[in-house]
>>> print(open('work.txt').read())   # compact mmCIF, C-alpha atoms and all ligand atoms
# COMPACT_ATOMS: atom_id res chain seq x y z
CA MET A 1 75.06 4.52 -12.72
CA ARG A 2 71.79 4.42 -10.75
CA ASN A 3 71.30 0.78 -10.07
CA GLY A 4 70.39 0.67 -6.42
CA LEU A 5 71.77 -0.60 -3.19
CA GLN A 6 73.87 -3.67 -2.56
CA PHE A 7 75.10 -5.30 0.61
CA HIS A 8 78.08 -7.53 0.15
CA ASP A 9 78.93 -9.92 2.98
CA LEU A 10 77.92 -7.27 5.49
CA SER A 11 78.42 -8.05 9.15
CA VAL A 12 78.09 -6.05 12.35
CA THR A 13 79.62 -7.18 15.62
CA PHE A 14 79.05 -5.28 18.85
CA ARG A 15 82.21 -5.53 20.92
CA LEU A 16 80.96 -5.48 24.50
CA PRO A 17 83.21 -5.75 27.56
CA ASN A 18 82.39 -9.40 28.23
CA THR A 19 81.14 -10.66 24.92
CA ASP A 20 80.81 -10.04 21.21
CA ILE A 21 77.37 -9.88 19.65
CA ARG A 22 77.21 -10.59 15.95
CA ALA A 23 73.98 -8.81 15.10
CA VAL A 24 74.35 -8.95 11.30
CA ASP A 25 76.09 -11.98 9.90
CA GLY A 26 77.20 -12.07 6.27
CA VAL A 27 74.31 -10.35 4.54
CA THR A 28 74.58 -10.25 0.75
CA ALA A 29 71.57 -8.72 -0.95
CA ASP A 30 70.55 -6.56 -3.84
CA PHE A 31 67.92 -3.84 -3.60
CA PRO A 32 67.40 -2.47 -7.11
CA ALA A 33 66.53 1.20 -7.55
CA GLY A 34 62.80 1.67 -7.90
CA THR A 35 61.82 -1.16 -5.61
CA ILE A 36 60.22 -1.19 -2.18
CA THR A 37 61.76 -3.98 -0.15
CA GLY A 38 60.22 -5.26 3.06
CA ILE A 39 62.54 -6.66 5.71
CA ILE A 40 60.72 -9.05 7.99
CA GLY A 41 61.80 -11.32 10.81
CA GLU A 42 61.37 -11.89 14.54
CA SER A 43 62.38 -9.29 17.08
CA GLY A 44 66.13 -9.21 17.70
CA CYS A 45 67.12 -10.78 14.36
CA GLY A 46 69.15 -7.73 13.30
CA LYS A 47 66.78 -5.70 11.15
CA SER A 48 67.35 -2.34 12.83
CA VAL A 49 71.11 -2.90 13.08
CA LEU A 50 71.19 -3.61 9.33
CA GLY A 51 69.43 -0.28 8.80
CA LEU A 52 71.82 1.59 11.09
CA ALA A 53 74.77 0.08 9.20
CA LEU A 54 73.33 1.43 5.97
CA LEU A 55 72.97 4.90 7.49
CA GLY A 56 76.41 4.91 9.11
CA LEU A 57 74.80 5.38 12.51
CA LEU A 58 76.24 2.47 14.50
CA PRO A 59 77.98 3.21 17.80
CA PRO A 60 81.80 3.26 17.83
CA TYR A 61 82.03 -0.16 19.51
CA ALA A 62 80.33 -1.77 16.52
CA GLN A 63 82.72 -3.45 14.14
CA VAL A 64 81.51 -3.54 10.55
CA GLY A 65 82.73 -5.99 7.92
CA GLY A 66 81.90 -6.32 4.23
CA ASN A 67 80.68 -3.57 1.94
CA ILE A 68 77.70 -1.46 1.02
CA TYR A 69 77.40 -0.07 -2.49
CA LEU A 70 75.03 2.64 -3.64
CA ASP A 71 74.69 2.89 -7.41
CA GLY A 72 77.83 0.87 -7.81
CA MET A 73 80.01 3.07 -5.56
CA PRO A 74 81.16 1.99 -2.08
CA LEU A 75 79.13 3.78 0.60
CA THR A 76 81.21 4.47 3.70
CA ALA A 77 79.62 5.27 7.05
CA ARG A 78 80.73 8.88 6.70
CA ASP A 79 79.31 9.12 3.23
CA ALA A 80 76.03 7.66 4.43
CA ARG A 81 75.76 10.19 7.28
CA ARG A 82 76.44 13.00 4.82
CA ARG A 83 73.62 11.81 2.57
CA LEU A 84 71.19 11.26 5.41
CA GLY A 85 68.55 13.96 5.32
CA THR A 86 69.19 14.78 1.69
CA GLU A 87 69.37 11.71 -0.56
CA ILE A 88 68.50 9.19 2.12
CA GLY A 89 65.60 9.71 4.49
CA LEU A 90 65.05 7.87 7.73
CA ILE A 91 61.73 7.11 9.34
CA PRO A 92 62.98 5.81 12.68
CA GLN A 93 61.55 3.16 14.93
CA ASN A 94 61.04 4.87 18.21
CA PRO A 95 59.26 8.25 18.37
CA ALA A 96 60.10 8.76 22.04
CA ASP A 97 63.86 8.60 21.30
CA SER A 98 63.72 10.43 18.01
CA LEU A 99 61.75 13.57 18.82
CA ASN A 100 63.30 16.25 21.00
CA PRO A 101 60.86 16.89 23.89
CA ALA A 102 61.95 20.53 24.16
CA ARG A 103 61.20 21.43 20.56
CA THR A 104 57.92 21.92 18.71
CA ILE A 105 56.92 19.77 15.75
CA ALA A 106 57.42 22.87 13.57
CA ALA A 107 61.05 23.11 14.69
CA HIS A 108 61.62 19.45 13.81
CA LEU A 109 60.06 19.78 10.39
CA LEU A 110 61.79 23.06 9.55
CA GLU A 111 65.12 21.49 10.37
CA ALA A 112 64.33 18.49 8.15
CA LEU A 113 63.40 20.88 5.34
CA LEU A 114 66.61 22.95 5.68
CA PRO A 115 68.52 21.13 2.88
CA ARG A 116 65.83 22.27 0.45
CA LYS A 117 66.79 25.91 1.09
CA LEU A 118 63.21 27.21 1.15
CA SER A 119 62.13 30.53 2.62
CA ARG A 120 60.67 30.17 6.12
CA ARG A 121 57.23 30.79 4.72
CA SER A 122 57.43 28.13 2.02
CA ALA A 123 59.05 25.75 4.50
CA LEU A 124 56.11 26.19 6.86
CA GLU A 125 53.73 25.67 3.96
CA GLN A 126 55.60 22.48 3.00
CA ALA A 127 55.50 21.33 6.62
CA LYS A 128 51.73 21.75 6.67
CA GLN A 129 51.34 19.87 3.41
CA LEU A 130 53.49 17.05 4.73
CA LEU A 131 51.45 16.78 7.90
CA ASN A 132 48.31 16.80 5.80
CA ALA A 133 49.67 14.01 3.65
CA PHE A 134 50.26 11.99 6.80
CA GLY A 135 46.68 12.30 7.94
CA PHE A 136 46.62 15.43 10.12
CA SER A 137 43.58 17.50 9.33
CA ALA A 138 44.63 20.48 11.48
CA PRO A 139 48.35 20.83 10.72
CA GLU A 140 48.70 24.34 12.24
CA ARG A 141 47.84 22.96 15.65
CA ILE A 142 50.30 20.07 15.26
CA LEU A 143 53.10 22.44 14.22
CA ARG A 144 52.72 24.35 17.49
CA ALA A 145 52.59 21.17 19.60
CA TYR A 146 55.42 19.57 21.57
CA PRO A 147 55.99 15.82 21.11
CA HIS A 148 54.48 14.89 24.50
CA GLU A 149 51.21 16.52 23.49
CA LEU A 150 50.75 13.95 20.72
CA SER A 151 49.76 10.31 21.00
CA GLY A 152 52.26 7.59 20.01
CA GLY A 153 50.46 7.10 16.72
CA MET A 154 50.57 10.82 15.93
CA GLN A 155 54.27 10.94 16.82
CA GLN A 156 54.90 8.05 14.41
CA ARG A 157 53.15 9.91 11.62
CA VAL A 158 55.17 13.05 12.41
CA LEU A 159 58.32 10.95 12.04
CA CYS A 160 57.11 9.75 8.64
CA ALA A 161 56.64 13.39 7.63
CA ILE A 162 60.12 14.34 8.90
CA GLY A 163 61.79 11.38 7.15
CA SER A 164 60.29 12.27 3.81
CA ALA A 165 60.65 16.07 4.15
CA CYS A 166 63.90 16.26 2.20
CA SER A 167 62.40 14.37 -0.80
CA PRO A 168 65.06 11.68 -0.60
CA ARG A 169 65.69 9.11 -3.33
CA TRP A 170 65.91 6.38 -0.71
CA ILE A 171 63.90 5.94 2.43
CA LEU A 172 64.62 3.57 5.25
CA ALA A 173 61.55 3.11 7.42
CA ASP A 174 61.99 1.14 10.63
CA GLU A 175 58.63 -0.21 11.83
CA PRO A 176 56.67 2.77 10.49
CA THR A 177 53.33 1.35 11.67
CA LYS A 178 54.43 0.19 15.10
CA GLY A 179 51.82 0.98 17.75
CA LEU A 180 49.27 2.29 15.25
CA ASP A 181 45.72 0.99 14.97
CA ARG A 182 44.46 -0.57 11.76
CA ASP A 183 43.11 2.60 10.17
CA LEU A 184 46.31 4.50 10.80
CA ARG A 185 48.39 1.59 9.51
CA GLY A 186 46.39 1.79 6.31
CA GLN A 187 47.05 5.53 6.14
CA VAL A 188 50.79 5.08 6.61
CA GLN A 189 50.78 2.50 3.80
CA GLU A 190 48.99 4.93 1.49
CA THR A 191 51.39 7.70 2.42
CA LEU A 192 54.47 5.59 1.89
CA LEU A 193 53.10 4.57 -1.50
CA SER A 194 52.37 8.20 -2.35
CA LEU A 195 55.99 9.09 -1.57
CA LYS A 196 56.90 7.31 -4.80
CA LYS A 197 55.05 10.04 -6.64
CA ARG A 198 57.08 12.66 -4.79
CA GLY A 199 60.49 11.57 -6.00
CA VAL A 200 61.27 8.77 -3.56
CA GLU A 201 62.55 5.99 -5.81
CA SER A 202 63.24 3.18 -3.45
CA MET A 203 62.50 2.12 0.10
CA LEU A 204 63.59 -0.39 2.65
CA VAL A 205 60.75 -1.00 5.05
CA ILE A 206 61.54 -2.92 8.21
CA THR A 207 58.29 -4.25 9.57
CA HIS A 208 56.39 -6.77 11.62
CA ASP A 209 53.25 -5.65 9.85
CA VAL A 210 52.67 -8.37 7.27
CA PRO A 211 49.65 -6.71 5.60
CA LEU A 212 51.78 -3.55 5.21
CA ALA A 213 54.59 -5.52 3.58
CA GLN A 214 52.08 -7.30 1.34
CA GLY A 215 50.40 -4.08 0.28
CA LEU A 216 53.55 -2.02 -0.16
CA CYS A 217 56.55 -4.09 -1.15
CA ASN A 218 57.81 -5.44 -4.46
CA GLN A 219 60.17 -7.82 -2.75
CA VAL A 220 60.70 -9.15 0.74
CA ALA A 221 63.86 -10.08 2.62
CA VAL A 222 63.39 -12.59 5.41
CA MET A 223 65.91 -12.20 8.22
CA TYR A 224 66.81 -14.70 10.89
CA ALA A 225 69.69 -14.58 13.36
CA GLY A 226 71.47 -11.76 11.52
CA GLN A 227 71.16 -13.34 8.08
CA ILE A 228 68.88 -12.86 5.11
CA LEU A 229 67.66 -16.41 4.49
CA GLU A 230 65.38 -15.56 1.61
CA LEU A 231 64.80 -12.62 -0.72
CA GLY A 232 62.27 -12.49 -3.50
CA PRO A 233 59.13 -10.95 -4.95
CA ASP A 234 56.73 -13.70 -3.98
CA VAL A 235 57.66 -15.01 -0.55
CA TRP A 236 54.00 -14.81 0.56
CA ASN A 237 52.68 -17.17 -2.09
CA ARG A 238 55.77 -19.25 -2.68
CA PRO A 239 57.91 -19.24 0.44
CA LEU A 240 61.04 -21.26 -0.26
CA HIS A 241 62.99 -21.32 2.98
CA PRO A 242 61.69 -23.60 5.75
CA TYR A 243 61.98 -20.63 8.13
CA THR A 244 59.81 -18.44 5.88
CA GLN A 245 57.27 -21.27 5.65
CA ALA A 246 57.23 -21.63 9.44
CA PHE A 247 57.03 -17.83 9.91
CA LEU A 248 53.99 -17.64 7.62
CA HIS A 249 52.30 -20.58 9.32
CA ALA A 250 52.66 -18.77 12.63
CA LEU A 251 50.57 -15.83 11.38
CA PRO A 252 46.98 -15.64 12.66
CA GLU A 253 45.53 -15.85 9.13
CA HIS A 254 47.32 -19.17 8.63
CA GLY A 255 46.11 -20.82 11.77
CA PHE A 256 48.67 -19.42 14.20
CA GLN A 257 50.80 -22.54 14.32
CA PRO A 258 53.66 -21.42 16.52
CA LEU A 259 57.23 -22.03 15.51
CA GLN A 260 58.84 -24.77 17.60
CA GLY A 261 62.07 -24.11 19.49
CA VAL A 262 63.88 -20.83 20.06
CA ALA A 263 66.05 -18.61 17.87
CA PRO A 264 69.80 -18.65 18.55
CA LYS A 265 70.68 -16.37 21.47
CA ALA A 266 72.11 -12.94 20.62
CA GLY A 267 75.76 -13.41 19.82
CA GLU A 268 75.53 -17.17 19.41
CA ARG A 269 77.00 -18.20 16.07
CA LEU A 270 76.26 -21.62 14.68
CA PRO A 271 78.62 -23.11 12.10
CA GLY A 272 75.78 -24.21 9.82
CA CYS A 273 72.38 -22.80 8.96
CA PRO A 274 71.09 -20.77 11.93
CA PHE A 275 67.63 -22.28 11.46
CA ALA A 276 68.87 -25.90 11.45
CA PRO A 277 68.05 -26.58 15.15
CA ARG A 278 64.37 -25.75 14.48
CA CYS A 279 64.09 -26.98 10.91
CA PRO A 280 61.98 -30.05 10.12
CA HIS A 281 64.11 -30.73 7.03
CA ALA A 282 67.55 -30.27 8.59
CA SER A 283 70.19 -32.84 7.70
CA GLU A 284 73.51 -33.34 9.41
CA ARG A 285 75.13 -31.13 6.77
CA CYS A 286 72.84 -28.20 7.67
CA HIS A 287 74.25 -28.18 11.21
CA ARG A 288 77.82 -28.24 9.95
CA GLU A 289 77.93 -26.09 6.84
CA ARG A 290 76.38 -22.75 6.01
CA PRO A 291 74.26 -22.87 2.85
CA ALA A 292 75.33 -20.60 -0.01
CA ALA A 293 72.86 -18.27 -1.72
CA TYR A 294 70.92 -20.24 -4.32
CA HIS A 295 68.80 -18.65 -7.06
CA PRO A 296 65.94 -20.93 -8.14
CA GLN A 297 64.75 -17.98 -10.26
CA PRO A 298 66.95 -15.01 -11.18
CA GLU A 299 65.19 -12.66 -8.74
CA GLN A 300 64.88 -15.17 -5.91
CA MET A 301 67.56 -15.90 -3.38
CA VAL A 302 67.37 -18.60 -0.75
CA ARG A 303 70.02 -19.98 1.61
CA CYS A 304 68.97 -23.59 1.94
CA PHE A 305 70.59 -26.77 0.63
CA ARG A 306 67.21 -27.98 -0.62
CA TYR A 307 67.64 -25.57 -3.54
CA GLU A 308 71.22 -26.51 -4.34
N1 LIG B 401 73.81 -0.74 20.40
C1 LIG B 401 73.82 -2.06 20.65
N2 LIG B 401 74.74 -2.61 21.46
C2 LIG B 401 74.75 -3.95 21.67
N3 LIG B 401 73.89 -4.82 21.12
C3 LIG B 401 72.95 -4.34 20.30
C4 LIG B 401 72.85 -2.94 20.01
N4 LIG B 401 71.83 -2.72 19.16
C5 LIG B 401 71.29 -3.96 18.93
N5 LIG B 401 71.97 -4.91 19.60
C6 LIG B 401 71.69 -6.36 19.56
O1 LIG B 401 71.71 -6.77 18.20
C7 LIG B 401 70.69 -7.73 17.93
C8 LIG B 401 69.80 -7.25 16.81
O2 LIG B 401 69.05 -6.12 17.25
P1 LIG B 401 68.04 -5.31 16.34
O3 LIG B 401 68.65 -5.08 14.99
O4 LIG B 401 67.63 -4.12 17.10
O5 LIG B 401 66.81 -6.34 16.18
P2 LIG B 401 65.44 -6.12 15.41
O6 LIG B 401 65.42 -7.19 14.33
O7 LIG B 401 64.37 -6.39 16.42
O8 LIG B 401 65.41 -4.74 14.86
C9 LIG B 401 69.96 -7.91 19.25
O9 LIG B 401 70.49 -9.05 19.88
C10 LIG B 401 70.28 -6.67 20.03
O10 LIG B 401 70.26 -6.92 21.41
MG MG B 402 64.17 -3.14 15.32
>>> encode(input="work.txt", output="structure tokens", more="lines below")
Ligand SMILES: Nc1ncnc2c1ncn2[C@@H]1O[C@H](COP(=O)(O)OP(=O)(O)O)[C@@H](O)[C@H]1O
Ligand SMILES: [Mg+2]
Amino acid sequence: MRNGLQFHDLSVTFRLPNTDIRAVDGVTADFPAGTITGIIGESGCGKSVLGLALLGLLPPYAQVGGNIYLDGMPLTARDARRRLGTEIGLIPQNPADSLNPARTIAAHLLEALLPRKLSRRSALEQAKQLLNAFGFSAPERILRAYPHELSGGMQQRVLCAIGSACSPRWILADEPTKGLDRDLRGQVQETLLSLKKRGVESMLVITHDVPLAQGLCNQVAVMYAGQILELGPDVWNRPLHPYTQAFLHALPEHGFQPLQGVAPKAGERLPGCPFAPRCPHASERCHRERPAAYHPQPEQMVRCFRYE
């Protein structure tokens, strides 16, 4: 059965000495094989933690609840780590933390290509092709370089090359265009799209970059305070959740109308809808009771009583 990725009531709580932080809070979502899903939402809403839960890379003090299924089979953290770098590729968020300063780019790429069991010569050839695909016109020079010799944008593109080196079926990209200028963002979008031709079936792309999500994704999940409040193919044109509507209005191209109020503090759990304190439509019930997942159309999910 190859039917994609499912999260079922997934939660992640960081157990810190003085407090618990619920970073992911009851996420249920379906990411069918063959789709590119964008995950958008304000900083701190739990996007990266959701990704780390999928990859089995959370620290030991993180308590995970609920289930993840890949192609209908439960995916344990151990299983996920085993598949990382073969079936699942990661394009991580932060180049400075992800590249080893003492190793050349060639060493990073050769390691990422190891599971493909190529000769050193073909691996180097592959590494050059990958760098080429990610916009480097002189790959030999990049292979010899150390991370600090590259700009942040170049490091980000190297990470894209490393994450896709193993020709994974799934790719998780965490802010792949962060810190890149417009041209390079366009290049990363093209490259991510071209990965589909190289055997990558499905992607989860965590991003603040709305044009990237619009140009790349078949569906978009909107996260807020650890929850996915809306998931669907057409959130840009037909946003259903009041938070999605407010988020889109806050974008420069829609007049930059800032969202009133503040998001719940990290770790703060409200009994009702997390957006209720800022929502122009909130009723007393919204503050008290958490909305279920409603499906106005089969492929749309929204957690808001207005769609009950
Ligand atoms: N390793 C950690 N230990 C404790 N808290 C964490 C850890 N990683 C993330 N958090 C907290 O979890 C919440 C979600 O973080 P994150 O997923 O990184 O947000 P973002 O949506 O910006 O990617 C934040 O409040 C963050 O401070
Ligand atoms: Mg993040």
>>> closest_residue(input="work.txt", among="A:Leu57, A:Cys45, A:Val24, A:Leu270", to="ligand LIG 401 (chain B)", atoms="all atoms listed in the file")
A:Cys45
>>> closest_residue(input="work.txt", among="A:Pro239, A:Pro274, A:Pro211, A:Pro60", to="ligand LIG 401 (chain B)", atoms="all atoms listed in the file")
A:Pro60
>>> atom_distance(input="work.txt", atom1="CA of Ile36 in chain A", atom2="CA of Phe275 in chain A")
26.2 Å
>>> closest_atom_pairs(input="work.txt", of="chain A", to="ligand LIG 401 (chain B)", cutoff="9 Å", atoms="all atoms listed in the file", output="tab-separated table")
residue	atom	partner	partner_atom	distance
A:Val12	CA	B:LIG401	O1	8.7
A:Thr13	CA	B:LIG401	N3	8.3
A:Phe14	CA	B:LIG401	C2	5.3
A:Arg15	CA	B:LIG401	C2	7.7
A:Leu16	CA	B:LIG401	C2	7.0
A:Asp20	CA	B:LIG401	C2	8.6
A:Ile21	CA	B:LIG401	N3	6.3
A:Arg22	CA	B:LIG401	O1	7.1
A:Ala23	CA	B:LIG401	O1	4.4
A:Val24	CA	B:LIG401	C8	7.3
A:Ile40	CA	B:LIG401	O6	8.1
A:Gly41	CA	B:LIG401	O6	6.5
A:Glu42	CA	B:LIG401	O6	6.2
A:Ser43	CA	B:LIG401	O7	3.6
A:Gly44	CA	B:LIG401	O5	3.3
A:Cys45	CA	B:LIG401	O6	4.0
A:Gly46	CA	B:LIG401	O3	3.2
A:Lys47	CA	B:LIG401	O6	3.8
A:Ser48	CA	B:LIG401	O8	3.7
A:Val49	CA	B:LIG401	O3	3.8
A:Leu50	CA	B:LIG401	O3	6.4
A:Gly51	CA	B:LIG401	O3	7.9
A:Leu52	CA	B:LIG401	O3	8.4
A:Leu58	CA	B:LIG401	N1	7.1
A:Pro59	CA	B:LIG401	N1	6.3
A:Tyr61	CA	B:LIG401	N2	7.9
A:Ala62	CA	B:LIG401	N2	7.5
A:Gln93	CA	B:LIG401	O8	8.8
A:Asp174	CA	B:LIG401	O8	8.0
A:Glu175	CA	B:LIG401	O8	8.7
A:Ile206	CA	B:LIG401	O8	7.9
A:Thr207	CA	B:LIG401	O8	8.9
A:Met223	CA	B:LIG401	O6	7.9
A:Tyr224	CA	B:LIG401	O6	8.4
A:Ala225	CA	B:LIG401	C8	8.1
A:Gly226	CA	B:LIG401	C8	7.1
A:Lys265	CA	B:LIG401	O9	7.5
A:Ala266	CA	B:LIG401	O9	4.3
A:Gly267	CA	B:LIG401	O9	6.8
>>> atom_distance(input="work.txt", atom1="CA of Ala112 in chain A", atom2="CA of Ala133 in chain A")
16.0 Å
>>> residues_around(input="work.txt", residues="Leu216 in chain A", least_positions_apart="2", cutoff="10 Å", atoms="all atoms listed in the file", output="number ranges by chain")
A: 35-38, 189-190, 192-193, 203, 205, 210-214, 218-219
>>> closest_residue(input="work.txt", among="A:Val222, A:Leu90, A:Ala145, A:Ala106", to="Cys160 in chain A", atoms="only C-alpha atoms")
A:Leu90
>>> closest_residue(input="work.txt", among="A:Pro233, A:Gly26, A:Pro264, A:Gly153", to="Pro95 in chain A", atoms="all atoms listed in the file")
A:Gly153
>>> residues_near_point(input="work.txt", point="(71.2, 4.7, -3.4)", cutoff="9 Å", atoms="all atoms listed in the file", output="list in words")
Arg2, Asn3, Gly4, Leu5, Gln6, Pro32, Ala33, Tyr69, Leu70, Asp71, Gly72, Leu75, Glu87, Ile88, Arg169, Trp170 and Ser202 of chain A
>>> residues_near_point(input="work.txt", point="(68.5, -27.9, 10.9)", cutoff="12 Å", atoms="only C-alpha atoms", output="ChimeraX atom specification")
/A:241-243,261,263,270-291,304-306
>>> closest_residue(input="work.txt", among="A:Ala173, A:Leu159, A:Leu195, A:Ala29", to="ligand MG 402 (chain B)", atoms="all atoms listed in the file")
A:Ala173
>>> atom_distance(input="work.txt", atom1="CA of His208 in chain A", atom2="CA of Thr177 in chain A")
8.7 Å
>>> closest_residue(input="work.txt", among="A:Asp25, A:Glu268, A:Asp97, A:Glu111", to="Ile162 in chain A", atoms="only C-alpha atoms")
A:Glu111
>>> residues_around(input="work.txt", residues="Leu109 in chain A", least_positions_apart="4", cutoff="8 Å", atoms="only C-alpha atoms", output="PyMOL selection string")
chain A and resi 105+113+127+161-162+165
>>> axis_aligned_box(input="work.txt", around="range 268-272 of chain A", padding_each_side="6 Å", output="AutoDock Vina command-line options")
--center_x 77.1 --center_y -20.7 --center_z 14.6 --size_x 15.1 --size_y 19.0 --size_z 21.6
>>> residues_around(input="work.txt", residues="Asn100 in chain A", least_positions_apart="4", cutoff="10 Å", atoms="all atoms listed in the file", output="ChimeraX atom specification")
/A:95-96,104-105,107-108,146-148
>>> residues_around(input="work.txt", residues="Pro296 in chain A", least_positions_apart="5", cutoff="10 Å", atoms="all atoms listed in the file", output="PyMOL selection string")
chain A and resi 240+301-302+307-308
>>> decode(input="work.txt", residues="range 26-38 of chain A", atoms="C-alpha atoms", output="short mmCIF file (atom, residue, chain, number, x, y, z; two decimals), in the first residue's frame")
data_model
loop_
_atom_site.label_atom_id
_atom_site.label_comp_id
_atom_site.auth_asym_id
_atom_site.auth_seq_id
_atom_site.Cartn_x
_atom_site.Cartn_y
_atom_site.Cartn_z
CA GLY A 26 -3.53 17.09 18.34
CA VAL A 27 -2.61 17.25 14.67
CA THR A 28 -4.64 14.97 12.43
CA ALA A 29 -3.84 15.33 8.75
CA ASP A 30 -3.48 13.38 5.56
CA PHE A 31 -0.70 13.95 3.06
CA PRO A 32 -1.41 11.71 0.06
CA ALA A 33 1.50 10.24 -1.89
CA GLY A 34 2.29 12.34 -4.92
CA THR A 35 1.38 15.66 -3.36
CA ILE A 36 3.51 18.61 -2.31
CA THR A 37 2.08 20.06 0.87
CA GLY A 38 3.03 23.47 2.17
#
